[in-house]
file target.txt (compact mmCIF, C-alpha atoms (C1' of nucleotides))
# COMPACT_ATOMS: atom_id res chain seq x y z
CA MET A 9 -114.35 -65.90 191.87
CA SER A 10 -113.05 -62.57 190.62
CA SER A 11 -112.38 -61.89 186.98
CA ASN A 12 -110.96 -64.77 184.99
CA VAL A 13 -111.18 -62.53 181.98
CA ARG A 14 -108.52 -60.20 183.29
CA GLU A 15 -106.25 -63.18 183.81
CA ASP A 16 -107.04 -64.45 180.33
CA ILE A 17 -106.11 -61.06 178.90
CA MET A 18 -102.88 -60.99 180.88
CA ALA A 19 -101.91 -64.47 179.73
CA ALA A 20 -102.70 -63.81 176.07
CA ALA A 21 -100.94 -60.43 176.18
CA ARG A 22 -97.86 -62.01 177.70
CA ARG A 23 -97.62 -64.64 174.99
CA ALA A 24 -98.23 -62.03 172.29
CA ALA A 25 -95.64 -59.64 173.71
CA GLN A 26 -93.02 -62.39 173.87
CA ALA A 27 -93.55 -62.97 170.15
CA HIS A 28 -94.42 -59.51 168.79
CA GLY A 29 -93.32 -57.02 171.42
CA TYR A 30 -95.15 -54.07 172.92
CA THR A 31 -95.66 -52.42 169.54
CA GLY A 32 -96.99 -55.64 168.09
CA LEU A 33 -99.53 -56.03 170.89
CA ASN A 34 -103.03 -55.13 169.76
CA PHE A 35 -106.40 -55.19 171.43
CA ARG A 36 -108.35 -56.65 168.56
CA GLU A 37 -106.23 -59.80 168.19
CA LEU A 38 -106.10 -60.26 171.93
CA ALA A 39 -109.87 -59.96 172.15
CA ALA A 40 -110.43 -62.43 169.32
CA GLU A 41 -108.19 -64.97 171.06
CA ILE A 42 -110.16 -64.66 174.30
CA GLY A 43 -113.55 -64.52 172.68
CA ILE A 44 -114.64 -61.02 173.64
CA LYS A 45 -114.72 -57.73 171.79
CA SER A 46 -111.73 -55.43 171.80
CA ALA A 47 -113.65 -52.68 173.59
CA SER A 48 -114.22 -55.05 176.50
CA ILE A 49 -110.53 -55.25 177.27
CA HIS A 50 -110.56 -51.62 178.28
CA TYR A 51 -112.92 -52.41 181.11
CA HIS A 52 -110.16 -54.52 182.72
CA LEU A 53 -107.07 -52.66 181.51
CA PRO A 54 -108.02 -49.09 180.55
CA THR A 55 -105.12 -48.22 178.20
CA LYS A 56 -102.37 -49.99 176.31
CA THR A 57 -99.89 -48.49 178.75
CA ASP A 58 -101.80 -50.09 181.65
CA LEU A 59 -101.83 -53.42 179.86
CA GLY A 60 -98.12 -53.30 179.02
CA ALA A 61 -97.10 -52.29 182.52
CA ALA A 62 -99.34 -54.89 184.17
CA VAL A 63 -98.00 -57.66 181.92
CA ALA A 64 -94.36 -56.68 182.43
CA LYS A 65 -94.88 -56.42 186.20
CA ARG A 66 -96.49 -59.85 186.35
CA TYR A 67 -93.65 -61.17 184.22
CA TRP A 68 -90.89 -60.14 186.62
CA GLU A 69 -92.94 -61.22 189.64
CA ASP A 70 -93.28 -64.69 188.13
CA SER A 71 -89.59 -64.71 187.26
CA GLN A 72 -88.72 -63.73 190.81
CA ALA A 73 -90.73 -66.69 192.11
CA VAL A 74 -88.98 -69.07 189.71
CA LEU A 75 -85.56 -67.78 190.72
CA ASP A 76 -86.41 -68.02 194.42
CA SER A 77 -87.52 -71.61 193.96
CA LEU A 78 -84.22 -72.28 192.19
CA TRP A 79 -82.12 -70.86 194.98
CA ASN A 80 -82.73 -68.77 198.06
CA ASP A 81 -79.84 -68.85 200.49
CA GLY A 82 -79.78 -72.64 200.35
CA ALA A 83 -77.13 -75.13 199.44
CA ASP A 84 -75.56 -75.63 196.01
CA PRO A 85 -75.35 -72.10 194.58
CA ALA A 86 -73.23 -73.48 191.73
CA GLY A 87 -76.08 -75.80 190.80
CA ALA A 88 -78.49 -72.86 190.71
CA LEU A 89 -76.09 -71.02 188.47
CA ARG A 90 -75.92 -74.02 186.18
CA ALA A 91 -79.71 -74.11 186.01
CA TYR A 92 -80.13 -70.39 185.33
CA PRO A 93 -79.90 -70.52 181.51
CA GLY A 94 -82.74 -73.03 181.55
CA THR A 95 -85.16 -70.32 182.67
CA PHE A 96 -84.45 -68.53 179.38
CA ARG A 97 -84.48 -71.72 177.35
CA GLN A 98 -88.14 -72.28 178.21
CA SER A 99 -89.30 -69.28 176.17
CA LEU A 100 -87.60 -70.66 173.09
CA GLU A 101 -89.19 -74.05 173.69
CA ASN A 102 -92.51 -72.26 173.90
CA GLY A 103 -92.96 -71.31 170.24
CA ASN A 104 -89.56 -69.70 169.73
CA ARG A 105 -90.54 -66.84 172.02
CA ILE A 106 -88.10 -64.67 173.93
CA CYS A 107 -87.94 -62.91 177.25
CA LEU A 108 -90.63 -60.25 177.34
CA CYS A 109 -88.12 -57.77 178.70
CA SER A 110 -85.52 -58.49 176.04
CA PHE A 111 -88.07 -57.62 173.40
CA MET A 112 -89.15 -54.52 175.28
CA SER A 113 -85.53 -53.50 175.81
CA ALA A 114 -85.18 -53.33 172.05
CA GLU A 115 -88.36 -51.24 171.95
CA TYR A 116 -87.10 -48.88 174.64
CA ASP A 117 -87.64 -45.71 172.57
CA ASP A 118 -91.32 -46.49 172.06
CA LEU A 119 -92.15 -47.57 175.61
CA PRO A 120 -94.31 -45.45 177.96
CA ASP A 121 -92.57 -44.72 181.25
CA PRO A 122 -94.72 -47.07 183.39
CA VAL A 123 -93.69 -49.93 181.09
CA ARG A 124 -90.02 -48.95 181.19
CA THR A 125 -90.15 -49.11 184.96
CA GLU A 126 -91.28 -52.74 184.95
CA VAL A 127 -88.76 -53.71 182.28
CA SER A 128 -86.02 -52.28 184.48
CA ALA A 129 -87.36 -54.21 187.44
CA PHE A 130 -86.95 -57.49 185.53
CA ALA A 131 -83.29 -56.75 184.91
CA GLU A 132 -82.83 -55.72 188.53
CA ILE A 133 -84.27 -58.88 190.07
CA ASN A 134 -82.19 -61.05 187.73
CA LEU A 135 -79.03 -59.10 188.49
CA ALA A 136 -79.68 -59.14 192.24
CA TRP A 137 -80.37 -62.89 192.27
CA LEU A 138 -77.27 -63.66 190.19
CA ALA A 139 -75.09 -61.48 192.39
CA ARG A 140 -76.31 -63.25 195.54
CA VAL A 141 -75.78 -66.68 194.05
CA LEU A 142 -72.33 -65.72 192.77
CA ALA A 143 -71.33 -64.38 196.17
CA ALA A 144 -72.38 -67.65 197.77
CA ALA A 145 -70.70 -69.74 195.08
CA THR A 146 -67.42 -67.88 194.76
CA GLY A 147 -67.00 -65.78 197.89
CA GLN A 148 -65.89 -62.83 195.77
CA ASP A 149 -66.66 -59.25 196.79
CA ALA A 150 -69.88 -57.47 195.86
CA ALA A 151 -68.37 -55.40 193.04
CA ALA A 152 -66.90 -58.42 191.28
CA CYS A 153 -70.14 -60.39 191.71
CA GLY A 154 -72.09 -57.45 190.31
CA ARG A 155 -69.98 -57.28 187.16
CA ARG A 156 -70.18 -61.03 186.74
CA ALA A 157 -73.96 -60.98 187.25
CA SER A 158 -74.29 -58.30 184.62
CA ALA A 159 -72.16 -60.31 182.20
CA ILE A 160 -74.13 -63.53 182.71
CA PHE A 161 -77.53 -61.86 182.42
CA ALA A 162 -76.61 -60.05 179.20
CA ALA A 163 -74.93 -63.12 177.73
CA VAL A 164 -77.86 -65.46 178.36
CA ALA A 165 -80.37 -62.94 176.98
CA GLY A 166 -78.14 -62.51 173.93
CA ALA A 167 -77.96 -66.25 173.35
CA GLN A 168 -81.73 -66.41 173.42
CA LEU A 169 -82.04 -63.58 170.91
CA MET A 170 -79.54 -65.18 168.53
CA ALA A 171 -81.35 -68.52 168.71
CA ARG A 172 -84.68 -66.88 167.93
CA SER A 173 -83.29 -65.22 164.82
CA ARG A 174 -82.70 -68.65 163.32
CA ALA A 175 -85.57 -70.41 165.06
CA ASP A 176 -82.95 -72.91 166.24
CA ILE A 177 -82.70 -73.78 169.90
CA ALA A 178 -79.41 -75.58 169.28
CA LEU A 179 -77.83 -72.16 168.78
CA PHE A 180 -78.86 -71.25 172.32
CA ASP A 181 -77.36 -74.44 173.71
CA GLY A 182 -74.20 -73.85 171.68
CA ALA A 183 -73.70 -70.34 173.02
CA ILE A 184 -74.34 -71.46 176.61
CA GLU A 185 -71.84 -74.27 176.12
CA GLY A 186 -69.40 -71.66 174.85
CA TYR A 187 -69.92 -69.63 178.04
CA ARG A 188 -69.14 -72.71 180.11
CA GLU A 189 -66.01 -73.54 178.15
CA ALA A 190 -64.80 -69.95 178.48
CA GLY A 191 -65.49 -69.89 182.21
CA LEU A 192 -68.31 -67.34 182.30
CA LEU A 193 -70.68 -70.01 183.61
CA PRO A 194 -69.70 -72.92 185.89
CA ALA A 195 -69.24 -76.26 184.15
CA MET B 10 -75.59 -38.89 139.22
CA SER B 11 -78.03 -41.67 140.00
CA SER B 12 -80.59 -41.39 142.74
CA ASN B 13 -79.44 -39.65 145.88
CA VAL B 14 -82.98 -40.04 147.08
CA ARG B 15 -82.64 -43.79 147.32
CA GLU B 16 -79.49 -43.38 149.40
CA ASP B 17 -81.23 -40.83 151.61
CA ILE B 18 -84.06 -43.28 152.17
CA MET B 19 -81.65 -46.09 152.98
CA ALA B 20 -79.76 -43.97 155.51
CA ALA B 21 -82.87 -42.67 157.23
CA ALA B 22 -84.43 -46.14 157.29
CA ARG B 23 -81.33 -47.62 158.83
CA ARG B 24 -81.29 -45.10 161.65
CA ALA B 25 -85.01 -45.56 162.23
CA ALA B 26 -84.79 -49.36 162.24
CA GLN B 27 -81.98 -49.29 164.78
CA ALA B 28 -84.25 -47.31 167.10
CA HIS B 29 -87.74 -48.61 166.30
CA GLY B 30 -87.25 -51.90 164.50
CA TYR B 31 -88.82 -53.19 161.32
CA THR B 32 -92.36 -52.82 162.70
CA GLY B 33 -91.62 -49.29 163.84
CA LEU B 34 -90.26 -48.34 160.44
CA ASN B 35 -92.74 -46.08 158.69
CA PHE B 36 -92.86 -44.46 155.30
CA ARG B 37 -94.46 -41.19 156.34
CA GLU B 38 -91.86 -40.26 158.92
CA LEU B 39 -89.09 -41.36 156.60
CA ALA B 40 -90.51 -39.22 153.82
CA ALA B 41 -90.90 -36.18 156.05
CA GLU B 42 -87.27 -36.47 157.09
CA ILE B 43 -86.14 -36.56 153.47
CA GLY B 44 -88.55 -33.96 152.18
CA ILE B 45 -90.73 -36.01 149.83
CA LYS B 46 -94.18 -37.58 150.09
CA SER B 47 -94.50 -41.01 151.63
CA ALA B 48 -95.89 -42.51 148.45
CA SER B 49 -92.76 -41.43 146.58
CA ILE B 50 -90.60 -43.82 148.57
CA HIS B 51 -92.32 -46.72 146.83
CA TYR B 52 -90.84 -45.68 143.53
CA HIS B 53 -87.38 -46.44 144.89
CA LEU B 54 -88.25 -49.30 147.23
CA PRO B 55 -91.59 -50.81 146.14
CA THR B 56 -92.68 -52.44 149.40
CA LYS B 57 -91.75 -52.36 153.05
CA THR B 58 -90.28 -55.82 152.54
CA ASP B 59 -87.99 -54.46 149.81
CA LEU B 60 -86.95 -51.57 152.04
CA GLY B 61 -86.28 -53.81 155.03
CA ALA B 62 -84.30 -56.34 153.03
CA ALA B 63 -82.26 -53.65 151.27
CA VAL B 64 -81.44 -51.90 154.53
CA ALA B 65 -80.51 -55.13 156.32
CA LYS B 66 -78.35 -56.22 153.36
CA ARG B 67 -76.53 -52.90 153.28
CA TYR B 68 -76.12 -53.18 157.04
CA TRP B 69 -74.25 -56.49 156.95
CA GLU B 70 -72.23 -55.43 153.92
CA ASP B 71 -71.05 -52.35 155.80
CA SER B 72 -70.34 -54.47 158.87
CA GLN B 73 -68.33 -56.90 156.77
CA ALA B 74 -66.19 -54.00 155.53
CA VAL B 75 -65.62 -52.74 159.07
CA LEU B 76 -64.63 -56.21 160.29
CA ASP B 77 -62.30 -56.73 157.33
CA SER B 78 -60.61 -53.41 158.07
CA LEU B 79 -60.20 -54.54 161.67
CA TRP B 80 -58.57 -57.80 160.78
CA ASN B 81 -58.10 -59.84 157.63
CA ASP B 82 -55.43 -62.49 157.98
CA GLY B 83 -53.00 -59.92 159.34
CA ALA B 84 -51.06 -59.69 162.57
CA ASP B 85 -52.50 -59.25 166.05
CA PRO B 86 -55.72 -61.27 166.00
CA ALA B 87 -55.97 -60.80 169.78
CA GLY B 88 -56.05 -57.04 169.22
CA ALA B 89 -58.87 -57.43 166.70
CA LEU B 90 -60.78 -59.51 169.22
CA ARG B 91 -60.27 -56.83 171.84
CA ALA B 92 -61.60 -54.20 169.43
CA TYR B 93 -64.66 -56.23 168.39
CA PRO B 94 -67.06 -55.03 171.13
CA GLY B 95 -66.33 -51.47 170.02
CA THR B 96 -68.20 -52.07 166.76
CA PHE B 97 -71.35 -52.66 168.85
CA ARG B 98 -70.61 -49.82 171.24
CA GLN B 99 -70.92 -47.31 168.40
CA SER B 100 -74.66 -47.88 167.99
CA LEU B 101 -75.22 -47.06 171.64
CA GLU B 102 -73.09 -43.92 171.28
CA ASN B 103 -75.29 -42.99 168.32
CA GLY B 104 -78.50 -42.12 170.17
CA ASN B 105 -78.77 -45.30 172.25
CA ARG B 106 -79.45 -47.33 169.13
CA ILE B 107 -78.78 -51.04 168.78
CA CYS B 108 -77.67 -53.44 166.09
CA LEU B 109 -80.27 -53.49 163.34
CA CYS B 110 -80.15 -57.27 163.31
CA SER B 111 -80.58 -57.62 167.06
CA PHE B 112 -83.78 -55.64 166.85
CA MET B 113 -84.93 -57.63 163.86
CA SER B 114 -84.05 -60.89 165.60
CA ALA B 115 -86.56 -59.98 168.30
CA GLU B 116 -89.07 -59.24 165.54
CA TYR B 117 -88.43 -62.58 163.82
CA ASP B 118 -92.08 -63.66 163.79
CA ASP B 119 -93.14 -60.54 161.94
CA LEU B 120 -90.33 -60.46 159.40
CA PRO B 121 -90.90 -61.26 155.70
CA ASP B 122 -88.59 -64.00 154.42
CA PRO B 123 -86.35 -61.72 152.33
CA VAL B 124 -85.63 -59.69 155.48
CA ARG B 125 -84.96 -62.81 157.55
CA THR B 126 -82.39 -63.88 154.98
CA GLU B 127 -80.39 -60.67 155.41
CA VAL B 128 -80.66 -60.79 159.20
CA SER B 129 -79.21 -64.29 159.09
CA ALA B 130 -76.41 -63.08 156.85
CA PHE B 131 -75.39 -60.50 159.45
CA ALA B 132 -75.04 -63.21 162.08
CA GLU B 133 -73.14 -65.42 159.65
CA ILE B 134 -70.52 -62.86 158.68
CA ASN B 135 -69.93 -61.99 162.34
CA LEU B 136 -69.65 -65.63 163.32
CA ALA B 137 -67.33 -66.41 160.41
CA TRP B 138 -65.07 -63.44 161.15
CA LEU B 139 -64.89 -64.27 164.86
CA ALA B 140 -64.11 -67.92 164.13
CA ARG B 141 -61.27 -66.96 161.80
CA VAL B 142 -59.80 -64.49 164.29
CA LEU B 143 -60.12 -66.98 167.13
CA ALA B 144 -58.39 -69.67 165.10
CA ALA B 145 -55.52 -67.29 164.40
CA ALA B 146 -55.36 -66.10 168.02
CA THR B 147 -55.69 -69.42 169.83
CA GLY B 148 -54.84 -72.15 167.33
CA GLN B 149 -57.84 -74.17 168.51
CA ASP B 150 -59.77 -76.40 166.14
CA ALA B 151 -62.67 -75.19 164.01
CA ALA B 152 -65.41 -76.65 166.21
CA ALA B 153 -64.09 -74.99 169.37
CA CYS B 154 -63.62 -71.68 167.56
CA GLY B 155 -67.15 -71.91 166.20
CA ARG B 156 -68.66 -72.38 169.66
CA ARG B 157 -66.54 -69.58 171.06
CA ALA B 158 -67.51 -67.29 168.17
CA SER B 159 -71.16 -68.02 168.81
CA ALA B 160 -70.72 -67.25 172.51
CA ILE B 161 -68.92 -63.95 171.90
CA PHE B 162 -71.38 -62.75 169.27
CA ALA B 163 -74.42 -63.49 171.43
CA ALA B 164 -72.81 -62.04 174.54
CA VAL B 165 -71.83 -58.75 172.93
CA ALA B 166 -75.27 -58.32 171.34
CA GLY B 167 -76.85 -59.08 174.71
CA ALA B 168 -74.70 -56.49 176.48
CA GLN B 169 -75.84 -53.91 173.95
CA LEU B 170 -79.49 -54.78 174.48
CA MET B 171 -79.19 -54.57 178.25
CA ALA B 172 -77.46 -51.18 178.04
CA ARG B 173 -80.21 -49.81 175.79
CA SER B 174 -82.91 -50.84 178.24
CA ARG B 175 -81.46 -48.43 180.77
CA ALA B 176 -80.08 -45.91 178.28
CA ASP B 177 -76.75 -46.36 180.05
CA ILE B 178 -73.63 -47.15 178.06
CA ALA B 179 -71.76 -47.90 181.28
CA LEU B 180 -73.83 -51.09 181.54
CA PHE B 181 -72.39 -52.18 178.20
CA ASP B 182 -68.85 -51.48 179.33
CA GLY B 183 -69.52 -53.30 182.60
CA ALA B 184 -70.77 -56.43 180.90
CA ILE B 185 -67.85 -56.43 178.44
CA GLU B 186 -65.47 -56.04 181.37
CA GLY B 187 -67.23 -58.98 182.99
CA TYR B 188 -66.60 -61.06 179.86
CA ARG B 189 -62.91 -60.17 180.02
CA GLU B 190 -62.63 -61.04 183.69
CA ALA B 191 -64.37 -64.35 183.09
CA GLY B 192 -62.12 -65.18 180.14
CA LEU B 193 -64.71 -65.06 177.35
CA LEU B 194 -62.86 -62.14 175.76
CA PRO B 195 -59.09 -61.56 175.88
CA ALA B 196 -57.89 -59.03 178.44
C1' DA C 23 -120.31 -55.78 187.30
C1' DC C 24 -119.37 -56.66 182.80
C1' DC C 25 -119.83 -56.41 177.78
C1' DT C 26 -120.64 -54.38 173.00
C1' DG C 27 -121.60 -51.63 168.54
C1' DA C 28 -120.53 -47.74 166.56
C1' DA C 29 -117.90 -43.92 165.88
C1' DC C 30 -113.72 -41.11 166.10
C1' DA C 31 -109.19 -39.43 164.80
C1' DC C 32 -105.22 -41.19 163.25
C1' DC C 33 -101.64 -43.75 160.55
C1' DG C 34 -99.02 -46.93 157.25
C1' DT C 35 -99.55 -48.98 152.63
C1' DT C 36 -100.89 -49.26 148.07
C1' DC C 37 -101.82 -48.02 143.32
C1' DA C 38 -103.75 -45.51 139.60
C1' DA C 39 -102.93 -41.30 137.85
C1' DG C 40 -100.23 -37.25 137.21
C1' DT C 41 -95.96 -34.47 135.33
C1' DA D 8 -88.11 -41.21 135.32
C1' DC D 9 -90.12 -39.55 139.24
C1' DC D 10 -93.82 -38.07 142.23
C1' DT D 11 -98.53 -37.72 144.48
C1' DG D 12 -103.70 -37.84 145.79
C1' DA D 13 -106.75 -40.56 147.54
C1' DA D 14 -108.54 -44.83 148.91
C1' DC D 15 -107.93 -48.59 151.98
C1' DA D 16 -107.16 -51.26 156.12
C1' DC D 17 -106.15 -51.01 160.73
C1' DC D 18 -105.17 -49.01 165.32
C1' DG D 19 -106.26 -47.26 170.32
C1' DT D 20 -109.78 -45.07 172.45
C1' DT D 21 -114.31 -43.41 173.88
C1' DC D 22 -119.05 -43.74 175.12
C1' DA D 23 -123.84 -44.59 175.15
C1' DA D 24 -126.45 -48.53 175.49
C1' DG D 25 -127.23 -53.25 176.73
C1' DT D 26 -127.40 -57.44 180.05
call {"tool": "encode", "arguments": {"input": "target.txt", "output": "structure tokens"}}
result
Amino acid sequence: MSSNVREDIMAAARRAAQAHGYTGLNFRELAAEIGIKSASIHYHLPTKTDLGAAVAKRYWEDSQAVLDSLWNDGADPAGALRAYPGTFRQSLENGNRICLCSFMSAEYDDLPDPVRTEVSAFAEINLAWLARVLAAATGQDAAACGRRASAIFAAVAGAQLMARSRADIALFDGAIEGYREAGLLPA
Amino acid sequence: MSSNVREDIMAAARRAAQAHGYTGLNFRELAAEIGIKSASIHYHLPTKTDLGAAVAKRYWEDSQAVLDSLWNDGADPAGALRAYPGTFRQSLENGNRICLCSFMSAEYDDLPDPVRTEVSAFAEINLAWLARVLAAATGQDAAACGRRASAIFAAVAGAQLMARSRADIALFDGAIEGYREAGLLPA
DNA sequence: ACCTGAACACCGTTCAAGT
DNA sequence: ACCTGAACACCGTTCAAGT
């Protein structure tokens, strides 16, 4: 069995980053949580940049898998669209956390390039998935689906951010309901 | 003339917080920008909590004034609604910055209570303004306008965040256009 | 292979002391 | 009233030494 420690670091760093961001990530707290010394982390992930990039990459890979399990050229694209906000709701359920990439988007100015790359990838896979689902659900052209995908992605991330600021998941549900009533999301 | 220094601190802190957040706010850089020593800032704003709360309070007060100048029980509520995303666009135009309160919403876990209070106030005045404008524009009941206000506020903040993550203001415009096409915002 | 203590250079925050 | 020196706590990183 190869390193469980590296996986433990990745998991703890992901949870921490979803609550405190890249800036708020620190080796000493991470190490204490895992039960090793902070210097040991550097054996697995040499620098903070490496850690941040690895965590963000894993994050969008996991998200990609979740989205693919939700819909992948199958039936019921409208149902997948209806379920999409739920993938963001989970972070709030999990200790009022938010999307790792939303937090890191705010921190854009202070992000090393390798981390920025992975944050962009998260947006890209969400946008691409939404555009494909929208095309299947509505039959509209690629440009229209792209704009709509962009609108839905930004809107759902925004709802999550607003809910976090009050530590109230009902605010998330309210905003999503508002999107449905307005026609941005399917009822 | 009372303290210009305090105003200089407030202005520099606001710009910094819109780019680096509350955590990224630091006395030494602020001081260097103003031309005093970092310890001197504490004479005007005793703690980082005081600074953060003062800056966030000023931020929503200024926003309130901007919104009131945009619409205050006058004619053309639909026009005011159309202009609303522009108030968020300005931050992006200003060095790819974002709403101070969006950044601080992400940082919720690390915010002292007095700062949280002012962050909440920003959301409240936006929500209240939007609900009033929507009521005037659509004639719908208070509950429906409240949900719609919540949806618009979250969506516009989300569009801003997404645009920052790519340093591309066209992504903001694209998402807003998507909201219009979907019917969340008036065309 | 994997972990650690100790040290390094650096930085934000605080407060007693200065003028 | 207004400002600062200096101490303090904490950070990411390195590296020699340990198992």
call {"tool": "interface_residues", "arguments": {"input": "target.txt", "of": "chain B", "to": "chain C", "cutoff": "10 Å", "atoms": "all atoms listed in the file", "output": "list in words"}}
result
Leu34, Asn35, Phe36, Arg37, Glu38, Ser47, Ala48, His51, Pro55, Thr56 and Lys57 of chain B
call {"tool": "closest_atom_pairs", "arguments": {"input": "target.txt", "of": "chain B", "to": "chain A", "cutoff": "6 Å", "atoms": "all atoms listed in the file", "output": "tab-separated table"}}
result
residue	atom	partner	partner_atom	distance
B:Phe112	CA	A:Ala114	CA	5.9
B:Ser114	CA	A:Ser173	CA	4.5
B:Ala115	CA	A:Phe111	CA	5.8
B:Tyr117	CA	A:Ser173	CA	5.9
B:Arg156	CA	A:Gly186	CA	5.3
B:Arg157	CA	A:Gly186	CA	5.2
B:Ser159	CA	A:Ala183	CA	5.4
B:Ala160	CA	A:Ala183	CA	4.3
B:Ala163	CA	A:Gly166	CA	4.6
B:Ala164	CA	A:Ala163	CA	4.0
B:Ala166	CA	A:Gly166	CA	5.7
B:Gly167	CA	A:Gly166	CA	3.7
B:Ala168	CA	A:Ala162	CA	4.9
B:Ser174	CA	A:Ser113	CA	4.5
B:Ala184	CA	A:Ala159	CA	4.3
B:Gly187	CA	A:Ala159	CA	5.2
B:Ala191	CA	A:Leu192	CA	5.0
B:Gly192	CA	A:Ala190	CA	5.7
B:Leu193	CA	A:Ala190	CA	5.0
call {"tool": "atom_distance", "arguments": {"input": "target.txt", "atom1": "atom CA of A:Gly60", "atom2": "atom CA of A:Asp121"}}
result
10.5 Å
call {"tool": "residues_around", "arguments": {"input": "target.txt", "residues": "A:Arg66", "least_positions_apart": "3", "cutoff": "12 Å", "atoms": "all atoms listed in the file", "output": "PyMOL selection string"}}
result
chain A and resi 15+18-19+21-22+59-63+69-73+108-109+123+126-127+129-130
call {"tool": "atom_distance", "arguments": {"input": "target.txt", "atom1": "atom CA of B:Thr96", "atom2": "atom CA of B:Ala40"}}
result
28.8 Å
call {"tool": "atom_distance", "arguments": {"input": "target.txt", "atom1": "atom CA of A:Ala150", "atom2": "atom CA of A:Gly94"}}
result
24.7 Å
call {"tool": "residues_around", "arguments": {"input": "target.txt", "residues": "A:Asp76", "least_positions_apart": "3", "cutoff": "12 Å", "atoms": "all atoms listed in the file", "output": "count of residues only"}}
result
20
call {"tool": "residues_around", "arguments": {"input": "target.txt", "residues": "A:Arg14", "least_positions_apart": "6", "cutoff": "9 Å", "atoms": "only C-alpha atoms (C1' of nucleotides)", "output": "PyMOL selection string"}}
result
chain A and resi 49+52-53
